[in-house]
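Below is model-v4.cif, holding mmCIF, C-alpha atoms.
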```
data_my_file
loop_
_atom_site.group_PDB
_atom_site.id
_atom_site.type_symbol
_atom_site.label_atom_id
_atom_site.label_comp_id
_atom_site.auth_asym_id
_atom_site.auth_seq_id
_atom_site.Cartn_x
_atom_site.Cartn_y
_atom_site.Cartn_z
ATOM 1 C CA GLN Q 1 8.793 -3.425 17.278
ATOM 2 C CA GLN Q 2 6.005 -0.968 16.538
ATOM 3 C CA LEU Q 3 6.523 2.617 17.665
ATOM 4 C CA ASN Q 4 3.977 4.818 19.353
ATOM 5 C CA PRO Q 5 3.209 7.574 16.810
ATOM 6 C CA THR Q 6 1.995 9.950 19.507
ATOM 7 C CA ASN Q 7 5.356 9.782 21.257
ATOM 8 C CA GLN Q 8 7.131 10.356 17.949
ATOM 9 C CA ILE Q 9 5.197 13.601 17.397
ATOM 10 C CA VAL Q 10 5.926 14.694 20.956
ATOM 11 C CA GLU Q 11 9.629 14.241 20.179
ATOM 12 C CA LEU Q 12 9.401 16.060 16.839
ATOM 13 C CA ALA Q 13 7.450 19.064 18.092
ATOM 14 C CA PRO Q 14 8.192 20.737 21.433
ATOM 15 C CA GLY Q 15 4.953 20.739 23.380
ATOM 16 C CA GLY Q 16 3.693 17.616 21.628
ATOM 17 C CA LEU Q 17 0.370 17.357 19.851
ATOM 18 C CA GLN Q 18 -1.050 20.426 21.564
ATOM 19 C CA SER Q 19 1.467 22.683 19.818
ATOM 20 C CA TYR Q 20 1.749 20.725 16.578
ATOM 21 C CA THR Q 21 -0.675 23.054 14.765
ATOM 22 C CA ASN Q 22 1.590 26.057 15.315
ATOM 23 C CA THR Q 23 4.604 24.003 14.281
ATOM 24 C CA VAL Q 24 3.067 23.085 10.912
ATOM 25 C CA PHE Q 25 1.043 26.187 10.012
ATOM 26 C CA SER Q 26 2.678 29.400 8.843
ATOM 27 C CA ASP Q 27 1.335 32.509 7.089
ATOM 28 C CA ASP Q 28 4.316 32.201 4.759
ATOM 29 C CA HIS Q 29 3.100 28.760 3.668
ATOM 30 C CA PRO Q 30 -0.701 28.891 3.602
ATOM 31 C CA HIS Q 31 -1.121 25.465 1.992
ATOM 32 C CA ALA Q 32 0.075 23.347 4.884
ATOM 33 C CA VAL Q 33 -0.677 19.609 4.806
ATOM 34 C CA ILE Q 34 -0.484 16.930 7.481
ATOM 35 C CA PHE Q 35 -0.368 13.285 6.417
ATOM 36 C CA ASP Q 36 -1.682 10.982 9.141
ATOM 37 C CA CYS Q 37 -0.562 7.438 8.355
ATOM 38 C CA THR Q 38 -1.244 6.152 11.871
ATOM 39 C CA ALA Q 39 -4.190 4.364 13.417
ATOM 40 C CA ASP Q 40 -3.872 6.357 16.632
ATOM 41 C CA GLU Q 41 -7.064 7.627 18.266
ATOM 42 C CA THR Q 42 -5.254 10.407 20.131
ATOM 43 C CA ILE Q 43 -3.891 11.789 16.876
ATOM 44 C CA GLY Q 44 -7.302 11.386 15.224
ATOM 45 C CA GLU Q 45 -8.829 13.602 17.896
ATOM 46 C CA HIS Q 46 -6.626 16.472 16.664
ATOM 47 C CA HIS Q 47 -7.832 16.342 13.059
ATOM 48 C CA VAL Q 48 -10.547 18.886 13.829
ATOM 49 C CA ASP Q 49 -8.033 21.324 15.363
ATOM 50 C CA TRP Q 50 -5.798 21.052 12.303
ATOM 51 C CA LEU Q 51 -8.697 21.607 9.908
ATOM 52 C CA LYS Q 52 -9.939 24.617 11.906
ATOM 53 C CA ALA Q 53 -6.459 26.115 11.618
ATOM 54 C CA GLY Q 54 -6.639 25.794 7.848
ATOM 55 C CA ILE Q 55 -4.301 22.825 7.614
ATOM 56 C CA ASN Q 56 -5.250 20.264 4.977
ATOM 57 C CA VAL Q 57 -5.309 16.682 6.258
ATOM 58 C CA VAL Q 58 -4.626 13.553 4.220
ATOM 59 C CA THR Q 59 -5.413 10.591 6.410
ATOM 60 C CA ALA Q 60 -5.278 6.826 6.489
ATOM 61 C CA ASN Q 61 -6.364 7.068 10.131
ATOM 62 C CA ASN Q 62 -10.112 6.414 10.275
ATOM 63 C CA THR Q 63 -10.514 6.881 14.037
ATOM 64 C CA ALA Q 64 -11.805 10.460 13.701
ATOM 65 C CA LEU Q 65 -14.359 9.598 11.004
ATOM 66 C CA SER Q 66 -15.560 6.639 13.070
ATOM 67 C CA GLY Q 67 -15.175 8.282 16.457
ATOM 68 C CA PRO Q 68 -17.639 10.225 18.631
ATOM 69 C CA MET Q 69 -20.410 12.041 16.762
ATOM 70 C CA PRO Q 70 -19.206 15.543 17.753
ATOM 71 C CA ILE Q 71 -15.885 14.910 15.990
ATOM 72 C CA ARG Q 72 -17.617 13.527 12.889
ATOM 73 C CA ASP Q 73 -19.978 16.499 12.760
ATOM 74 C CA ALA Q 74 -17.153 19.005 13.248
ATOM 75 C CA ILE Q 75 -15.230 17.523 10.320
ATOM 76 C CA LYS Q 76 -18.340 17.723 8.145
ATOM 77 C CA GLN Q 77 -18.987 21.358 9.070
ATOM 78 C CA ILE Q 78 -15.412 22.387 8.327
ATOM 79 C CA GLU Q 79 -15.544 20.630 4.965
ATOM 80 C CA HIS Q 80 -18.650 22.660 4.074
ATOM 81 C CA THR Q 81 -16.757 25.903 4.777
ATOM 82 C CA LYS Q 82 -13.991 24.759 2.410
ATOM 83 C CA LYS Q 83 -11.460 26.162 4.867
ATOM 84 C CA ALA Q 84 -9.325 23.045 4.535
ATOM 85 C CA LYS Q 85 -9.483 19.737 2.684
ATOM 86 C CA TYR Q 86 -9.916 16.431 4.443
ATOM 87 C CA LEU Q 87 -8.838 13.620 2.105
ATOM 88 C CA ARG Q 88 -9.741 10.172 3.416
ATOM 89 C CA GLU Q 89 -9.697 7.770 0.458
ATOM 90 C CA VAL Q 90 -7.423 5.231 2.145
ATOM 91 C CA THR Q 91 -9.469 5.044 5.348
ATOM 92 C CA VAL Q 92 -11.443 2.224 3.676
ATOM 93 C CA GLY Q 93 -10.117 -0.349 1.258
ATOM 94 C CA GLY Q 94 -6.459 0.663 1.369
ATOM 95 C CA GLY Q 95 -5.396 1.899 -2.046
ATOM 96 C CA LEU Q 96 -8.674 0.996 -3.751
ATOM 97 C CA PRO Q 97 -10.808 4.014 -4.784
ATOM 98 C CA VAL Q 98 -13.820 2.939 -2.734
ATOM 99 C CA ILE Q 99 -14.876 6.336 -1.382
ATOM 100 C CA SER Q 100 -14.354 8.251 -4.636
ATOM 101 C CA THR Q 101 -16.309 5.589 -6.553
ATOM 102 C CA LEU Q 102 -19.098 5.799 -3.993
ATOM 103 C CA ARG Q 103 -19.229 9.587 -4.327
ATOM 104 C CA ASN Q 104 -19.214 9.435 -8.125
ATOM 105 C CA LEU Q 105 -22.194 7.067 -8.062
ATOM 106 C CA LEU Q 106 -24.120 9.269 -5.641
ATOM 107 C CA ASN Q 107 -23.308 12.443 -7.579
ATOM 108 C CA SER Q 108 -24.588 10.863 -10.778
ATOM 109 C CA GLY Q 109 -27.933 10.093 -9.154
ATOM 110 C CA ASP Q 110 -27.433 6.397 -8.481
ATOM 111 C CA GLN Q 111 -28.810 4.768 -5.346
ATOM 112 C CA ILE Q 112 -26.556 2.570 -3.263
ATOM 113 C CA ARG Q 113 -28.546 -0.496 -2.256
ATOM 114 C CA ARG Q 114 -25.810 -2.653 -0.813
ATOM 115 C CA ILE Q 115 -22.038 -2.735 -0.293
ATOM 116 C CA ASP Q 116 -20.220 -6.074 -0.220
ATOM 117 C CA GLY Q 117 -16.533 -6.567 0.389
ATOM 118 C CA ILE Q 118 -13.719 -7.713 2.627
ATOM 119 C CA LEU Q 119 -12.928 -4.640 4.694
ATOM 120 C CA SER Q 120 -10.144 -6.138 6.803
ATOM 121 C CA VAL Q 121 -7.008 -7.254 4.966
ATOM 122 C CA THR Q 122 -5.888 -8.870 8.221
ATOM 123 C CA MET Q 123 -8.931 -11.129 8.466
ATOM 124 C CA SER Q 124 -8.675 -11.950 4.763
ATOM 125 C CA TYR Q 125 -5.049 -12.994 5.176
ATOM 126 C CA LEU Q 126 -5.739 -15.062 8.317
ATOM 127 C CA MET Q 127 -8.603 -17.002 6.717
ATOM 128 C CA HIS Q 128 -6.485 -17.547 3.611
ATOM 129 C CA ARG Q 129 -3.588 -18.951 5.620
ATOM 130 C CA ILE Q 130 -5.510 -21.399 7.799
ATOM 131 C CA ALA Q 131 -7.376 -22.782 4.770
ATOM 132 C CA PRO Q 132 -5.546 -21.899 1.525
ATOM 133 C CA PRO Q 133 -7.602 -22.321 -1.666
ATOM 134 C CA LEU Q 134 -6.881 -25.307 -3.892
ATOM 135 C CA GLY Q 135 -4.369 -24.701 -6.659
ATOM 136 C CA LEU Q 136 -2.564 -21.891 -4.850
ATOM 137 C CA GLY Q 137 0.783 -23.645 -5.120
ATOM 138 C CA GLU Q 138 0.414 -24.026 -8.867
ATOM 139 C CA CYS Q 139 -0.461 -20.324 -9.195
ATOM 140 C CA SER Q 140 2.669 -19.320 -7.301
ATOM 141 C CA GLU Q 141 4.811 -21.611 -9.458
ATOM 142 C CA PHE Q 142 3.280 -20.096 -12.609
ATOM 143 C CA ASP Q 143 3.978 -16.544 -11.381
ATOM 144 C CA GLU Q 144 7.541 -17.502 -10.542
ATOM 145 C CA ALA Q 145 8.189 -19.130 -13.917
ATOM 146 C CA ASP Q 146 6.278 -16.670 -16.098
ATOM 147 C CA GLY Q 147 7.597 -13.549 -14.387
ATOM 148 C CA LEU Q 148 11.075 -14.940 -13.652
ATOM 149 C CA GLY Q 149 10.552 -13.921 -10.048
ATOM 150 C CA ALA Q 150 10.001 -10.258 -10.950
ATOM 151 C CA HIS Q 151 6.667 -10.166 -9.081
ATOM 152 C CA ARG Q 152 8.606 -10.408 -5.830
ATOM 153 C CA GLY Q 153 10.069 -6.946 -6.362
ATOM 154 C CA ASP Q 154 12.360 -5.835 -3.565
ATOM 155 C CA GLU Q 155 10.874 -8.019 -0.859
ATOM 156 C CA ASP Q 156 13.345 -9.216 1.712
ATOM 157 C CA ARG Q 157 14.156 -12.852 2.335
ATOM 158 C CA THR Q 158 11.706 -13.163 5.220
ATOM 159 C CA LEU Q 159 8.756 -12.145 3.036
ATOM 160 C CA GLN Q 160 9.916 -14.446 0.233
ATOM 161 C CA GLU Q 161 10.005 -17.374 2.634
ATOM 162 C CA THR Q 162 6.515 -16.449 3.855
ATOM 163 C CA ASP Q 163 5.252 -16.324 0.267
ATOM 164 C CA ARG Q 164 6.585 -19.807 -0.485
ATOM 165 C CA LYS Q 165 4.739 -21.261 2.512
ATOM 166 C CA THR Q 166 1.331 -19.715 1.858
ATOM 167 C CA SER Q 167 0.068 -22.716 -0.095
ATOM 168 C CA GLU Q 168 0.348 -24.831 3.068
ATOM 169 C CA PRO Q 169 -2.182 -24.309 5.902
ATOM 170 C CA CYS Q 170 -0.918 -23.212 9.287
ATOM 171 C CA SER Q 171 -2.345 -22.660 12.751
ATOM 172 C CA PHE Q 172 -4.276 -19.478 13.456
ATOM 173 C CA SER Q 173 -1.614 -18.158 15.831
ATOM 174 C CA GLU Q 174 1.084 -18.696 13.194
ATOM 175 C CA ALA Q 175 -1.054 -16.822 10.686
ATOM 176 C CA VAL Q 176 -1.372 -13.912 13.133
ATOM 177 C CA LYS Q 177 2.417 -13.825 13.573
ATOM 178 C CA GLU Q 178 2.868 -13.739 9.810
ATOM 179 C CA ALA Q 179 0.311 -10.950 9.453
ATOM 180 C CA ILE Q 180 2.118 -8.916 12.112
ATOM 181 C CA ALA Q 181 5.468 -9.475 10.361
ATOM 182 C CA LEU Q 182 3.943 -8.327 7.074
ATOM 183 C CA GLY Q 183 2.562 -5.171 8.695
ATOM 184 C CA LEU Q 184 -1.058 -6.093 7.961
ATOM 185 C CA THR Q 185 -2.496 -5.897 11.465
ATOM 186 C CA GLU Q 186 -3.334 -2.975 13.678
ATOM 187 C CA GLU Q 187 -0.818 -2.212 16.448
ATOM 188 C CA ASP Q 188 -2.725 -4.685 18.626
ATOM 189 C CA PRO Q 189 -4.285 -7.502 16.519
ATOM 190 C CA ILE Q 190 -7.251 -7.580 18.891
ATOM 191 C CA HIS Q 191 -8.610 -4.529 17.029
ATOM 192 C CA ASP Q 192 -8.872 -6.729 13.941
ATOM 193 C CA LEU Q 193 -10.083 -9.881 15.694
ATOM 194 C CA SER Q 194 -12.817 -8.034 17.618
ATOM 195 C CA ASN Q 195 -14.181 -6.494 14.394
ATOM 196 C CA GLU Q 196 -13.280 -3.013 15.657
ATOM 197 C CA TYR Q 197 -11.351 -2.120 12.500
ATOM 198 C CA THR Q 198 -14.136 -3.422 10.260
ATOM 199 C CA ALA Q 199 -16.697 -1.495 12.309
ATOM 200 C CA ARG Q 200 -14.717 1.701 11.784
ATOM 201 C CA CYS Q 201 -14.663 1.113 8.022
ATOM 202 C CA LEU Q 202 -18.431 0.545 8.032
ATOM 203 C CA ILE Q 203 -19.009 3.810 9.890
ATOM 204 C CA VAL Q 204 -16.877 5.701 7.347
ATOM 205 C CA LEU Q 205 -18.944 4.207 4.511
ATOM 206 C CA ALA Q 206 -22.191 4.895 6.359
ATOM 207 C CA ARG Q 207 -21.047 8.492 6.832
ATOM 208 C CA GLU Q 208 -20.689 8.871 3.078
ATOM 209 C CA LEU Q 209 -24.256 7.607 2.682
ATOM 210 C CA GLY Q 210 -25.659 9.738 5.513
ATOM 211 C CA LEU Q 211 -26.577 6.651 7.525
ATOM 212 C CA ASP Q 212 -24.261 6.895 10.511
ATOM 213 C CA ASP Q 213 -26.416 8.844 12.981
ATOM 214 C CA ASP Q 214 -27.124 5.832 15.191
ATOM 215 C CA LEU Q 215 -23.879 3.965 14.596
ATOM 216 C CA ASN Q 216 -20.915 3.510 16.890
ATOM 217 C CA ILE Q 217 -18.186 0.920 17.269
ATOM 218 C CA LYS Q 218 -19.861 -0.985 20.096
ATOM 219 C CA ASN Q 219 -23.280 -1.466 18.519
ATOM 220 C CA ILE Q 220 -21.734 -2.720 15.280
ATOM 221 C CA GLN Q 221 -19.555 -5.146 17.218
ATOM 222 C CA CYS Q 222 -22.586 -6.387 19.170
ATOM 223 C CA ALA Q 223 -24.509 -6.944 15.940
ATOM 224 C CA SER Q 224 -21.712 -8.992 14.400
ATOM 225 C CA GLU Q 225 -19.986 -12.228 15.304
ATOM 226 C CA SER Q 226 -16.318 -11.629 16.028
ATOM 227 C CA LEU Q 227 -13.841 -14.432 16.601
ATOM 228 C CA ILE Q 228 -13.565 -13.527 20.274
ATOM 229 C CA SER Q 229 -17.212 -12.697 21.022
ATOM 230 C CA GLU Q 230 -17.758 -16.071 22.725
ATOM 231 C CA MET Q 231 -14.745 -15.897 25.015
ATOM 232 C CA PRO Q 232 -15.741 -16.264 28.697
ATOM 233 C CA HIS Q 233 -14.219 -12.910 29.648
ATOM 234 C CA GLU Q 234 -13.770 -9.495 28.075
ATOM 235 C CA VAL Q 235 -10.622 -9.257 25.999
ATOM 236 C CA GLU Q 236 -8.550 -6.090 25.876
ATOM 237 C CA HIS Q 237 -5.310 -7.272 24.260
ATOM 238 C CA TYR Q 238 -4.036 -10.125 22.116
ATOM 239 C CA ASP Q 239 -2.233 -12.474 24.493
ATOM 240 C CA SER Q 240 -1.433 -16.173 24.974
ATOM 241 C CA ALA Q 241 -4.925 -16.941 26.298
ATOM 242 C CA VAL Q 242 -6.554 -15.441 23.200
ATOM 243 C CA GLU Q 243 -4.007 -17.242 21.028
ATOM 244 C CA ALA Q 244 -4.785 -20.662 22.535
ATOM 245 C CA TYR Q 245 -8.547 -20.069 22.370
ATOM 246 C CA LEU Q 246 -8.469 -19.068 18.706
ATOM 247 C CA ASP Q 247 -6.123 -21.880 17.694
ATOM 248 C CA ALA Q 248 -8.583 -24.450 19.061
ATOM 249 C CA LYS Q 249 -11.667 -22.645 17.749
ATOM 250 C CA MET Q 250 -10.391 -22.135 14.199
ATOM 251 C CA LYS Q 251 -8.906 -25.625 13.968
ATOM 252 C CA LYS Q 252 -12.387 -27.023 14.676
ATOM 253 C CA ARG Q 253 -14.008 -24.645 12.187
ATOM 254 C CA VAL Q 254 -11.656 -25.686 9.408
ATOM 255 C CA ALA Q 255 -12.167 -29.371 10.207
ATOM 256 C CA ASP Q 256 -15.960 -28.963 10.225
ATOM 257 C CA ALA Q 257 -15.863 -27.088 6.918
ATOM 258 C CA CYS Q 258 -13.703 -29.793 5.311
ATOM 259 C CA ALA Q 259 -16.098 -32.489 6.573
ATOM 260 C CA ASN Q 260 -19.008 -30.741 4.840
#
```
Please express the file's structure as structure tokens.
Amino acid sequence: QQLNPTNQIVELAPGGLQSYTNTVFSDDHPHAVIFDCTADETIGEHHVDWLKAGINVVTANNTALSGPMPIRDAIKQIEHTKKAKYLREVTVGGGLPVISTLRNLLNSGDQIRRIDGILSVTMSYLMHRIAPPLGLGECSEFDEADGLGAHRGDEDRTLQETDRKTSEPCSFSEAVKEAIALGLTEEDPIHDLSNEYTARCLIVLARELGLDDDLNIKNIQCASESLISEMPHEVEHYDSAVEAYLDAKMKKRVADACAN
């Protein structure tokens, strides 16, 4: 069961998010830091308040950087004053140094012509599971034999069982369940399936390149083909109707791809 991070902060700090700045900041400890490891838009809206108060923010939450333009601009202005640091490396690409590499290239005078990549680990996992690449089973057996199982680390039995099954294709809905169990998806998988998460990553990258003035989540989604864009009604949450629709749709796609 996934917890609501906003409610957790309300419980931790009397007065909730509105008073969280005063709870964290103190003249006795001028180098206060907040780590935001959520994907919560409500929390993202408070990043500006924290930065204005002189609190450094380290964030994996990209909702502020991809949110309304006033919030994006406010973050940029505060960064220019050097009043507080806003570290956002993991807002795109997880642990990969995408943003720092991008900045190093720009600072050295290089021009960025194109960025290619898989920005959603959820979508990557789902596509992998419904149509695993050939030879995957042999690779897993080699890793097991060569590393004596050490590559599994401290994974629990559930994850080990999942790993052993990944060489066999499954239905799309089963893949979604696995992704949720592995903690890969957003709180509601519909944010991944609708391309919302990918759109947010693109806006963060565009911001680094100074190209985000006309970008927002909706126009990126409209310009791309999401898995649910052809559903007969607007989808707000991942439910049984979405599950059945995507199972049938992706089963046909895989069959058509195999036939070609």
Within 9 Å of Q:Val57 using all atoms listed in the file, minus same-chain residues under 2 positions, as a list in words: Ala32, Val33, Ile34, Phe35, Asp36, His47, Trp50, Leu51, Ile55, Thr59, Ala84, Lys85, Tyr86, Leu87 and Arg88 of chain Q
Save out the residues we just selected, C-alpha atoms, as a tab-separated table (two decimals), in the coordinates of the input.
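Produced file selection.tsv, reproduced below:
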```
chain	number	residue	atom	x	y	z
Q	32	ALA	CA	0.08	23.35	4.88
Q	33	VAL	CA	-0.68	19.61	4.81
Q	34	ILE	CA	-0.48	16.93	7.48
Q	35	PHE	CA	-0.37	13.28	6.42
Q	36	ASP	CA	-1.68	10.98	9.14
Q	47	HIS	CA	-7.83	16.34	13.06
Q	50	TRP	CA	-5.80	21.05	12.30
Q	51	LEU	CA	-8.70	21.61	9.91
Q	55	ILE	CA	-4.30	22.82	7.61
Q	59	THR	CA	-5.41	10.59	6.41
Q	84	ALA	CA	-9.32	23.04	4.54
Q	85	LYS	CA	-9.48	19.74	2.68
Q	86	TYR	CA	-9.92	16.43	4.44
Q	87	LEU	CA	-8.84	13.62	2.10
Q	88	ARG	CA	-9.74	10.17	3.42
```
Non-local contacts of Q:Asp49 (12 Å; all atoms listed in the file; under 3 positions in same chain excluded) as a list in words: Leu17, Gln18, Ser19, Tyr20, Thr21, Asn22, Phe25, Ile34, Ile43, Gly44, Glu45, His46, Lys52, Ala53, Gly54, Ile55, Asn56, Val57, Ala64, Ile71, Ala74, Ile75, Ile78 and Ala84 of chain Q
Answer key for the PyMOL selection byres ((chain Q and resi 125) around 10), residues as a list in words: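 Evaluating the PyMOL selection byres ((chain Q and resi 125) around 10) on this file yields Ser120, Val121, Thr122, Met123, Ser124, Leu126, Met127, His128, Arg129, Ile130, Pro132, Thr166, Ala175, Val176, Glu178, Ala179, Leu184 and Thr185 of chain Q.
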Could you write those residues out with C-alpha atoms, as an mmCIF file, in the frame of the given file?
```
data_model
loop_
_atom_site.group_PDB
_atom_site.id
_atom_site.type_symbol
_atom_site.label_atom_id
_atom_site.label_comp_id
_atom_site.auth_asym_id
_atom_site.auth_seq_id
_atom_site.Cartn_x
_atom_site.Cartn_y
_atom_site.Cartn_z
ATOM 1 C CA SER Q 120 -10.144 -6.138 6.803
ATOM 2 C CA VAL Q 121 -7.008 -7.254 4.966
ATOM 3 C CA THR Q 122 -5.888 -8.870 8.221
ATOM 4 C CA MET Q 123 -8.931 -11.129 8.466
ATOM 5 C CA SER Q 124 -8.675 -11.950 4.763
ATOM 6 C CA LEU Q 126 -5.739 -15.062 8.317
ATOM 7 C CA MET Q 127 -8.603 -17.002 6.717
ATOM 8 C CA HIS Q 128 -6.485 -17.547 3.611
ATOM 9 C CA ARG Q 129 -3.588 -18.951 5.620
ATOM 10 C CA ILE Q 130 -5.510 -21.399 7.799
ATOM 11 C CA PRO Q 132 -5.546 -21.899 1.525
ATOM 12 C CA THR Q 166 1.331 -19.715 1.858
ATOM 13 C CA ALA Q 175 -1.054 -16.822 10.686
ATOM 14 C CA VAL Q 176 -1.372 -13.912 13.133
ATOM 15 C CA GLU Q 178 2.868 -13.739 9.810
ATOM 16 C CA ALA Q 179 0.311 -10.950 9.453
ATOM 17 C CA LEU Q 184 -1.058 -6.093 7.961
ATOM 18 C CA THR Q 185 -2.496 -5.897 11.465
#
```
d(atom CA of Q:Leu96, atom CA of Q:Ile118) in Å: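 One can read the atom CA of Q:Leu96 to atom CA of Q:Ile118 distance as 11.9 Å.
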Gap from atom CA of Q:Thr81 to atom CA of Q:Ile203 - Å, one decimal: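 Atom CA of Q:Thr81 sits 22.8 Å away from atom CA of Q:Ile203.
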Answer key for the PyMOL selection byres ((chain Q and resi 100) around 12), residues as a VMD selection string: chain Q and resid 87 to 93 95 to 99 101 to 107 205 208
Residues from the last selection, C-alpha atoms, saved as a short mmCIF file (atom, residue, chain, number, x, y, z; two decimals), in the frame of the given file:
```
data_model
loop_
_atom_site.label_atom_id
_atom_site.label_comp_id
_atom_site.auth_asym_id
_atom_site.auth_seq_id
_atom_site.Cartn_x
_atom_site.Cartn_y
_atom_site.Cartn_z
CA LEU Q 87 -8.84 13.62 2.10
CA ARG Q 88 -9.74 10.17 3.42
CA GLU Q 89 -9.70 7.77 0.46
CA VAL Q 90 -7.42 5.23 2.14
CA THR Q 91 -9.47 5.04 5.35
CA VAL Q 92 -11.44 2.22 3.68
CA GLY Q 93 -10.12 -0.35 1.26
CA GLY Q 95 -5.40 1.90 -2.05
CA LEU Q 96 -8.67 1.00 -3.75
CA PRO Q 97 -10.81 4.01 -4.78
CA VAL Q 98 -13.82 2.94 -2.73
CA ILE Q 99 -14.88 6.34 -1.38
CA THR Q 101 -16.31 5.59 -6.55
CA LEU Q 102 -19.10 5.80 -3.99
CA ARG Q 103 -19.23 9.59 -4.33
CA ASN Q 104 -19.21 9.44 -8.12
CA LEU Q 105 -22.19 7.07 -8.06
CA LEU Q 106 -24.12 9.27 -5.64
CA ASN Q 107 -23.31 12.44 -7.58
CA LEU Q 205 -18.94 4.21 4.51
CA GLU Q 208 -20.69 8.87 3.08
#
```
Some atoms are absent from stretch 99-114 of chain Q, so rebuild N, CA, C and O atoms and return them as a short mmCIF file (atom, residue, chain, number, x, y, z; two decimals), in the coordinates of the input.
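File part.cif, as written:
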```cif
data_model
loop_
_atom_site.label_atom_id
_atom_site.label_comp_id
_atom_site.auth_asym_id
_atom_site.auth_seq_id
_atom_site.Cartn_x
_atom_site.Cartn_y
_atom_site.Cartn_z
N ILE Q 99 -14.11 5.14 -1.75
CA ILE Q 99 -14.88 6.34 -1.38
C ILE Q 99 -15.15 7.21 -2.60
O ILE Q 99 -16.27 7.70 -2.80
N SER Q 100 -14.14 7.41 -3.45
CA SER Q 100 -14.35 8.25 -4.64
C SER Q 100 -15.36 7.60 -5.59
O SER Q 100 -16.19 8.30 -6.19
N THR Q 101 -15.32 6.29 -5.70
CA THR Q 101 -16.31 5.59 -6.55
C THR Q 101 -17.70 5.76 -5.98
O THR Q 101 -18.67 6.01 -6.71
N LEU Q 102 -17.81 5.62 -4.67
CA LEU Q 102 -19.10 5.80 -3.99
C LEU Q 102 -19.65 7.20 -4.24
O LEU Q 102 -20.83 7.38 -4.58
N ARG Q 103 -18.80 8.21 -4.11
CA ARG Q 103 -19.23 9.59 -4.33
C ARG Q 103 -19.62 9.83 -5.78
O ARG Q 103 -20.60 10.55 -6.06
N ASN Q 104 -18.88 9.26 -6.71
CA ASN Q 104 -19.21 9.44 -8.12
C ASN Q 104 -20.59 8.85 -8.44
O ASN Q 104 -21.37 9.43 -9.19
N LEU Q 105 -20.88 7.69 -7.85
CA LEU Q 105 -22.19 7.07 -8.06
C LEU Q 105 -23.31 7.93 -7.49
O LEU Q 105 -24.34 8.15 -8.13
N LEU Q 106 -23.10 8.43 -6.28
CA LEU Q 106 -24.12 9.27 -5.64
C LEU Q 106 -24.32 10.58 -6.41
O LEU Q 106 -25.45 11.03 -6.61
N ASN Q 107 -23.22 11.18 -6.86
CA ASN Q 107 -23.31 12.44 -7.58
C ASN Q 107 -23.98 12.29 -8.94
O ASN Q 107 -24.51 13.27 -9.49
N SER Q 108 -23.94 11.09 -9.49
CA SER Q 108 -24.59 10.86 -10.78
C SER Q 108 -26.05 10.43 -10.63
O SER Q 108 -26.72 10.14 -11.62
N GLY Q 109 -26.52 10.40 -9.39
CA GLY Q 109 -27.93 10.09 -9.15
C GLY Q 109 -28.23 8.64 -8.86
O GLY Q 109 -29.40 8.26 -8.70
N ASP Q 110 -27.21 7.82 -8.78
CA ASP Q 110 -27.43 6.40 -8.48
C ASP Q 110 -27.78 6.21 -7.01
O ASP Q 110 -27.40 7.01 -6.15
N GLN Q 111 -28.49 5.13 -6.72
CA GLN Q 111 -28.81 4.77 -5.35
C GLN Q 111 -27.97 3.57 -4.94
O GLN Q 111 -27.86 2.59 -5.68
N ILE Q 112 -27.37 3.67 -3.78
CA ILE Q 112 -26.56 2.57 -3.26
C ILE Q 112 -27.48 1.65 -2.46
O ILE Q 112 -28.02 2.05 -1.43
N ARG Q 113 -27.66 0.45 -2.95
CA ARG Q 113 -28.55 -0.50 -2.26
C ARG Q 113 -27.79 -1.41 -1.30
O ARG Q 113 -28.32 -1.85 -0.28
N ARG Q 114 -26.55 -1.70 -1.63
CA ARG Q 114 -25.81 -2.65 -0.81
C ARG Q 114 -24.31 -2.53 -1.12
O ARG Q 114 -23.93 -2.23 -2.24
#
```
